[in-house]
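**Q** Can you keep this structure in mind? I'll have questions shortly.
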Protein chains: 4
Amino acid sequence: MGTNRIEAFSDGVIAVIITIMVLEMKVPRDTTLTSLRSLAPQFLAYLLSYVVVAIMWVNHHHLLHAARRADARLLWSNNNLLFWMSLIPFVTAYMGNNYHDARAVALYGAVLFFCGSAFAILRSAISAQHRGNEDMLRYQYRTQLKNLFSVALYAASIPLAFVDVRISFFIFAFVALSYFLPERKLAE
Amino acid sequence: MGTNRIEAFSDGVIAVIITIMVLEMKVPRDTTLTSLRSLAPQFLAYLLSYVVVAIMWVNHHHLLHAARRADARLLWSNNNLLFWMSLIPFVTAYMGNNYHDARAVALYGAVLFFCGSAFAILRSAISAQHRGNEDMLRYQYRTQLKNLFSVALYAASIPLAFVDVRISFFIFAFVALSYFLPERKLAE
Amino acid sequence: MGTNRIEAFSDGVIAVIITIMVLEMKVPRDTTLTSLRSLAPQFLAYLLSYVVVAIMWVNHHHLLHAARRADARLLWSNNNLLFWMSLIPFVTAYMGNNYHDARAVALYGAVLFFCGSAFAILRSAISAQHRGNEDMLRYQYRTQLKNLFSVALYAASIPLAFVDVRISFFIFAFVALSYFLPERKLAE
Amino acid sequence: MGTNRIEAFSDGVIAVIITIMVLEMKVPRDTTLTSLRSLAPQFLAYLLSYVVVAIMWVNHHHLLHAARRADARLLWSNNNLLFWMSLIPFVTAYMGNNYHDARAVALYGAVLFFCGSAFAILRSAISAQHRGNEDMLRYQYRTQLKNLFSVALYAASIPLAFVDVRISFFIFAFVALSYFLPERKLAE
């Protein structure tokens with residue numbers, strides 16, 4: 001059994017996740033500059049989550065490309081990942097409404113922590129399909145190290161939000177850039 | 001005519017179902033622990049429905065893989081299944097808001113009962129395409145028995161919710177695990 | 001250029017249409033039988049629209065299967081159809097909330113009238129790709145006659161709603177059954 | 001690596017964008033002609049955005065058809081485009097509610113400006129894959145000129161909304177027709 005339908009289903013779920021996030025930005029009733037400006041935190045939270053989900057989609061794309069078959073472990077590692085990703089719209093809206101509140105920012109970090117962990121679990125499931133293929137395992141091992149480093153940073157962002165939420169925001173941006181920038185360089 | 005487009009359409013519908021369920025978890029206005037804790041029943045209802053829908057997607061994946069052609073019976077058995085599945089977000093939100101209310105839990109059980117029945121009807125439609133293929137029919141017969149057993153349990157969960165809603169919750173969890181655990185074992 | 005991506009895009013749009021309709025059934029706050037019963041008209045409106053959209057999807061499936069290329073006329077006839085279909089969730093909710101109001105029922109009939117007309121236009125676009133293929137043209141001509149007959153009935157449902165909304169409901173059900181029943185027979 | 005999954009993901013995102021726009025047309029509570037008429041601006045805004053997004057989808061279809069591989073530059077140019085497109089439902093609802101307000105119309109123009117610019121950036125990414133293929137580059141150059149002309153018009157629509165919003169509406173309609181009409185002619 002091929003992995004096409006897993007890719008198609010994941011694409012569908014991620015496409016809906018990335019699009020419904022924008023529904024949480026409530027259209028203001030009036031058009032005063034004040035009410036537009038008050039949307040800024042929600043817009044920035046949406047922008048951050050859009051970049052995070054887009055990076056996840058690109059990584060998912062690469063990861064599933066390496067999958068050899070749709071076995072039960074792969075299917076359920078993927079469903080686990082999509083579950084945590086499906087919570088991103090909720091925590092984005094929650095953080096957008098309460099961006100200076102440690103609890104909201106920590107919850108956002110926690111969901112990203114679980115998403116990152118789910119990616120590592122999915123990568124293990126795929127590596128297990130390549131036993132004996134040294135090149136592939138070496139490549140997945142390197143990618144996994146970076147993945148686990150991000151997971152550790154996301155884990156740190158949870159308690160650090162209670163010190164200063166800006167530390168957590170810095171971590172979110174740093175991890176996003178650490179994935180985004182090398183790709184941009186590859187593209188030149 | 002192939003079954004690709006049925007799979008693609010079903011994937012689309014199921015992807016939207018699984019994602020909009022999370023929209024029913026209303027983002028709380030404040031960030032007190034009380035308001036976060038009050039989301040717990042809705043989160044647990046979402047988690048249960050996510051697992052239930054994910055299992056249905058995996059089973060649908062296997063089931064349609066065995067389909068030989070997109071005849072009218074298959075198309076409409078599938079549309080029937082998707083109709084009942086499309087009610088899951090509604091009953092999830094209803095049960096999440098009223099988790100100690102027998103009526104809400106019974107309604108959730110009723111929708112799962114109709115989903116399970118629709119699966120059995122879809123499987124019959126597919127088995128009818130394999131007349132004479134003894135191996136396939138034996139395999140589908142075994143799967144059908146398990147399916148009908150789950151349907152019977154879901155049927156029981158409806159009146160039992162009026163005795164104690166925890167019996168119905170136990171049934172929902174038991175059926176989910178009875179599908180999930182063997183797959184996990186297969187994956188080891 | 002093939003028609004695959006038109007099918008994929010249409011499947012996506014129709015999958016979202018059919019699923020978000022259920023979002024318009026607002027989850028009641030309490031669990032009294034009264035508040036559940038008050039949902040009945042909305043549920044019946046959803047059921048009707050689900051069957052209507054499912055029939056449209058099946059017909060779209062058959063229709064695009066006959067398309068030979070994704071020319072501009074086909075693309076835009078299809079976009080026209082999807083526009084009118086995208087209004088179905090709105091008029092379903094409107095009619096569900098006001099099922100004894102002639103204006104709401106007439107608006108529902110009007111949207112179905114435009115959907116049916118858009119189907120006829122799409123079929124013409126596809127027939128134009130088969131000039132000289134007598135068998136195909138004869139088949140499309142027969143299907144077109146039935147299509148135009150439904151369009152005439154939907155047109156009649158608009159003024160008749162102001163006589164008695166039940167006449168319009170009868171028309172909606174009659175057209176749906178006239179598409180659904182022959183398919184069921186084919187499947188036996 | 002092929003471009004199929006980029007197309008599938010983009011189709012999913014655009015399908016959701018085009019469908020959730022209709023959710024912003026709130027179903028009126030009563031059925032008076034007054035409350036229906038008060039929906040007219042929102043309906044017209046939806047109609048305009050539907051045509052704009054449908055044109056974008058058709059152009060995206062043509063554009064990605066010319067892509068040779070899913071390199072990082074293509075992936076991220078595409079994600080950039082989808083980000084700006086994902087804001088269309090928000091600005092459509094905002095403009096529909098405040099259609100005589102310069103700020104709302106200017107914001108709509110600004111989002112279309114960014115969408116148009118994102119298309120030009122995506123086209124550059126695809127042209128870069130065709131270095132040395134003079135025919136393709138000449139074709140993309142001609143299309144790019146028209147694209148940049150639309151971007152310039154959208155840029156002009158932002159300040160001009162503060163002179164008279166009707167100038168901006170004229171620009172939106174003019175650009176849409178400039179893409180739509182030649183296609184219709186091709187189809188004859």
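Going by the structure tokens order, chains are called A, B, ..., each with residues numbered from 1, while ligands are numbered from 1 in the order shown.
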Near Tyr154 (chain C), within 6 Å and counting only C-alpha atoms, which residues show up once chain neighbours fewer than 2 positions away are dropped, as a PyMOL selection string?

**A** chain C and resi 109+113+151-152+156-157

**Q** So that I can see what lies close to Tyr46 (chain A), please list as a PyMOL selection string the residues with an atom at most 9 Å from it, counting only C-alpha atoms and leaving out residues fewer than 6 positions away in the same chain.

**A** chain A and resi 21-22+24-25+89+92-93+96

**Q** Take the selection from the previous step and output its residues with all heavy atoms, as an mmCIF file, in the first residue's frame.

**A**
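Generated output (result-v6.cif):
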data_model
loop_
_atom_site.group_PDB
_atom_site.id
_atom_site.type_symbol
_atom_site.label_atom_id
_atom_site.label_comp_id
_atom_site.auth_asym_id
_atom_site.auth_seq_id
_atom_site.Cartn_x
_atom_site.Cartn_y
_atom_site.Cartn_z
ATOM 1 N N MET A 21 -7.258 29.236 10.662
ATOM 2 C CA MET A 21 -6.607 30.123 11.630
ATOM 3 C C MET A 21 -7.025 31.561 11.381
ATOM 4 O O MET A 21 -7.202 32.332 12.320
ATOM 5 C CB MET A 21 -5.094 30.015 11.498
ATOM 6 C CG MET A 21 -4.539 28.837 12.277
ATOM 7 S SD MET A 21 -2.764 28.977 12.543
ATOM 8 C CE MET A 21 -2.145 29.011 10.865
ATOM 9 N N VAL A 22 -7.184 31.907 10.107
ATOM 10 C CA VAL A 22 -7.496 33.297 9.770
ATOM 11 C C VAL A 22 -8.926 33.647 10.202
ATOM 12 O O VAL A 22 -9.248 34.811 10.442
ATOM 13 C CB VAL A 22 -7.254 33.547 8.262
ATOM 14 C CG1 VAL A 22 -8.476 33.274 7.434
ATOM 15 C CG2 VAL A 22 -6.723 34.943 8.008
ATOM 16 N N GLU A 24 -10.120 33.072 12.994
ATOM 17 C CA GLU A 24 -10.103 33.499 14.396
ATOM 18 C C GLU A 24 -9.832 34.995 14.514
ATOM 19 O O GLU A 24 -10.039 35.581 15.577
ATOM 20 C CB GLU A 24 -9.059 32.701 15.194
ATOM 21 C CG GLU A 24 -9.285 31.196 15.175
ATOM 22 C CD GLU A 24 -10.433 30.740 16.071
ATOM 23 O OE1 GLU A 24 -11.043 31.603 16.736
ATOM 24 O OE2 GLU A 24 -10.740 29.535 16.080
ATOM 25 N N MET A 25 -9.336 35.616 13.418
ATOM 26 C CA MET A 25 -9.186 37.075 13.442
ATOM 27 C C MET A 25 -10.560 37.659 13.168
ATOM 28 O O MET A 25 -11.016 37.713 12.019
ATOM 29 C CB MET A 25 -8.213 37.542 12.348
ATOM 30 C CG MET A 25 -6.775 37.255 12.667
ATOM 31 S SD MET A 25 -5.680 38.466 11.844
ATOM 32 C CE MET A 25 -6.094 38.177 10.128
ATOM 33 N N PRO A 89 -4.547 26.281 15.648
ATOM 34 C CA PRO A 89 -5.473 27.418 15.530
ATOM 35 C C PRO A 89 -6.002 27.885 16.882
ATOM 36 O O PRO A 89 -6.122 29.079 17.130
ATOM 37 C CB PRO A 89 -6.617 26.866 14.659
ATOM 38 C CG PRO A 89 -5.990 25.785 13.856
ATOM 39 C CD PRO A 89 -4.952 25.170 14.748
ATOM 40 N N THR A 92 -3.212 29.662 18.815
ATOM 41 C CA THR A 92 -2.878 30.918 18.126
ATOM 42 C C THR A 92 -3.875 32.006 18.515
ATOM 43 O O THR A 92 -3.487 33.129 18.856
ATOM 44 C CB THR A 92 -2.920 30.712 16.596
ATOM 45 O OG1 THR A 92 -2.014 29.671 16.253
ATOM 46 C CG2 THR A 92 -2.541 31.986 15.864
ATOM 47 N N ALA A 93 -5.165 31.665 18.470
ATOM 48 C CA ALA A 93 -6.187 32.641 18.845
ATOM 49 C C ALA A 93 -6.043 33.012 20.320
ATOM 50 O O ALA A 93 -6.163 34.177 20.701
ATOM 51 C CB ALA A 93 -7.574 32.068 18.582
ATOM 52 N N GLY A 96 -3.012 35.176 20.625
ATOM 53 C CA GLY A 96 -3.255 36.471 19.981
ATOM 54 C C GLY A 96 -4.084 37.399 20.849
ATOM 55 O O GLY A 96 -3.861 38.609 20.889
#

**Q** Each residue of chain B lying at most 12 Å from chain D should get a row with its shortest atom-to-atom pair and the distance in Å to one decimal, counting only C-alpha atoms; could you produce that, ordered by chain and increasing number, as JSON lines?

**A**
{"residue": "B:Ala8", "atom": "CA", "partner": "D:Ala8", "partner_atom": "CA", "distance": 10.6}
{"residue": "B:Phe9", "atom": "CA", "partner": "D:Gly12", "partner_atom": "CA", "distance": 11.4}
{"residue": "B:Asp11", "atom": "CA", "partner": "D:Gly12", "partner_atom": "CA", "distance": 11.1}
{"residue": "B:Gly12", "atom": "CA", "partner": "D:Gly12", "partner_atom": "CA", "distance": 8.4}
{"residue": "B:Val13", "atom": "CA", "partner": "D:Gly12", "partner_atom": "CA", "distance": 11.4}
{"residue": "B:Ala15", "atom": "CA", "partner": "D:Gly12", "partner_atom": "CA", "distance": 10.3}
{"residue": "B:Val16", "atom": "CA", "partner": "D:Val16", "partner_atom": "CA", "distance": 9.2}
{"residue": "B:Thr19", "atom": "CA", "partner": "D:Val16", "partner_atom": "CA", "distance": 11.8}
{"residue": "B:Ile20", "atom": "CA", "partner": "D:Val16", "partner_atom": "CA", "distance": 11.7}

**Q** So that I can check the secondary structure, give me every residue of region 1-178 of chain B assigned alpha helix (DSSP H) by backbone DSSP, as a ChimeraX atom specification.

**A** /B:4-20,33-37,40-65,72-86,88-97,102-127,134-163,165-178

**Q** Which residues, written as a PyMOL selection string, have at least one atom at most 9 Å from Leu107 (chain D), with only C-alpha atoms counted and residues fewer than 2 positions away on the same chain left out?

**A** chain D and resi 91+94-95+102-105+109-112+158

**Q** May I have the residues within 12 Å of Tyr139 (chain D) as a ChimeraX atom specification, using only C-alpha atoms and disregarding those fewer than 2 positions away in the same chain?

**A** /D:62-63,66,123,126-127,130,133-137,141-146

**Q** Would you mind exporting N, CA and C atoms of the selected residues as a compact mmCIF listing (two decimals), in the first residue's frame?

**A**
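Final file, again_23.txt:
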# COMPACT_ATOMS: atom_id res chain seq x y z
N HIS D 62 -2.05 27.40 -14.39
CA HIS D 62 -1.18 27.55 -15.57
C HIS D 62 0.28 27.68 -15.15
N LEU D 63 0.50 28.47 -14.08
CA LEU D 63 1.86 28.80 -13.65
C LEU D 63 2.57 27.54 -13.18
N ALA D 66 3.95 25.02 -15.54
CA ALA D 66 5.24 25.31 -16.17
C ALA D 66 6.41 25.01 -15.23
N ARG D 123 6.32 33.66 -10.24
CA ARG D 123 6.66 33.51 -11.66
C ARG D 123 8.16 33.61 -11.88
N ILE D 126 9.75 30.38 -11.09
CA ILE D 126 9.55 29.36 -12.13
C ILE D 126 10.40 29.69 -13.35
N SER D 127 10.48 30.97 -13.72
CA SER D 127 11.32 31.34 -14.86
C SER D 127 12.77 30.94 -14.61
N HIS D 130 13.92 27.76 -15.91
CA HIS D 130 13.89 27.58 -17.36
C HIS D 130 15.02 28.35 -18.05
N ASN D 133 15.82 28.38 -21.91
CA ASN D 133 14.65 28.04 -22.72
C ASN D 133 13.98 29.35 -23.17
N GLU D 134 14.41 29.87 -24.34
CA GLU D 134 14.00 31.22 -24.76
C GLU D 134 12.49 31.35 -24.94
N ASP D 135 11.86 30.34 -25.52
CA ASP D 135 10.41 30.41 -25.77
C ASP D 135 9.64 30.60 -24.47
N MET D 136 9.98 29.74 -23.49
CA MET D 136 9.30 29.81 -22.20
C MET D 136 9.55 31.16 -21.53
N LEU D 137 10.81 31.63 -21.58
CA LEU D 137 11.14 32.89 -20.91
C LEU D 137 10.38 34.05 -21.55
N TYR D 141 7.79 36.31 -19.66
CA TYR D 141 8.06 37.75 -19.61
C TYR D 141 6.80 38.54 -19.96
N ARG D 142 6.10 38.09 -21.03
CA ARG D 142 4.85 38.76 -21.43
C ARG D 142 3.81 38.69 -20.32
N THR D 143 3.64 37.49 -19.73
CA THR D 143 2.67 37.32 -18.65
C THR D 143 3.06 38.17 -17.44
N GLN D 144 4.38 38.23 -17.20
CA GLN D 144 4.86 39.01 -16.05
C GLN D 144 4.54 40.50 -16.24
N LEU D 145 4.67 41.01 -17.46
CA LEU D 145 4.37 42.42 -17.70
C LEU D 145 2.94 42.73 -17.30
N LYS D 146 2.00 41.87 -17.75
CA LYS D 146 0.59 42.07 -17.40
C LYS D 146 0.40 42.00 -15.89

**Q** Which of these residues is nearest to Tyr99 (chain C), using only C-alpha atoms: C:Val53, C:Val58, C:Val175, C:Ala45?

**A**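 Nearest candidate to Tyr99 (chain C) out of C:Val53, C:Val58, C:Val175, C:Ala45: C:Ala45.
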
**Q** What separation in Å, quoted to one decimal, exists between CA of Val27 (chain B) and CA of Leu39 (chain A)?

**A** 15.9 Å
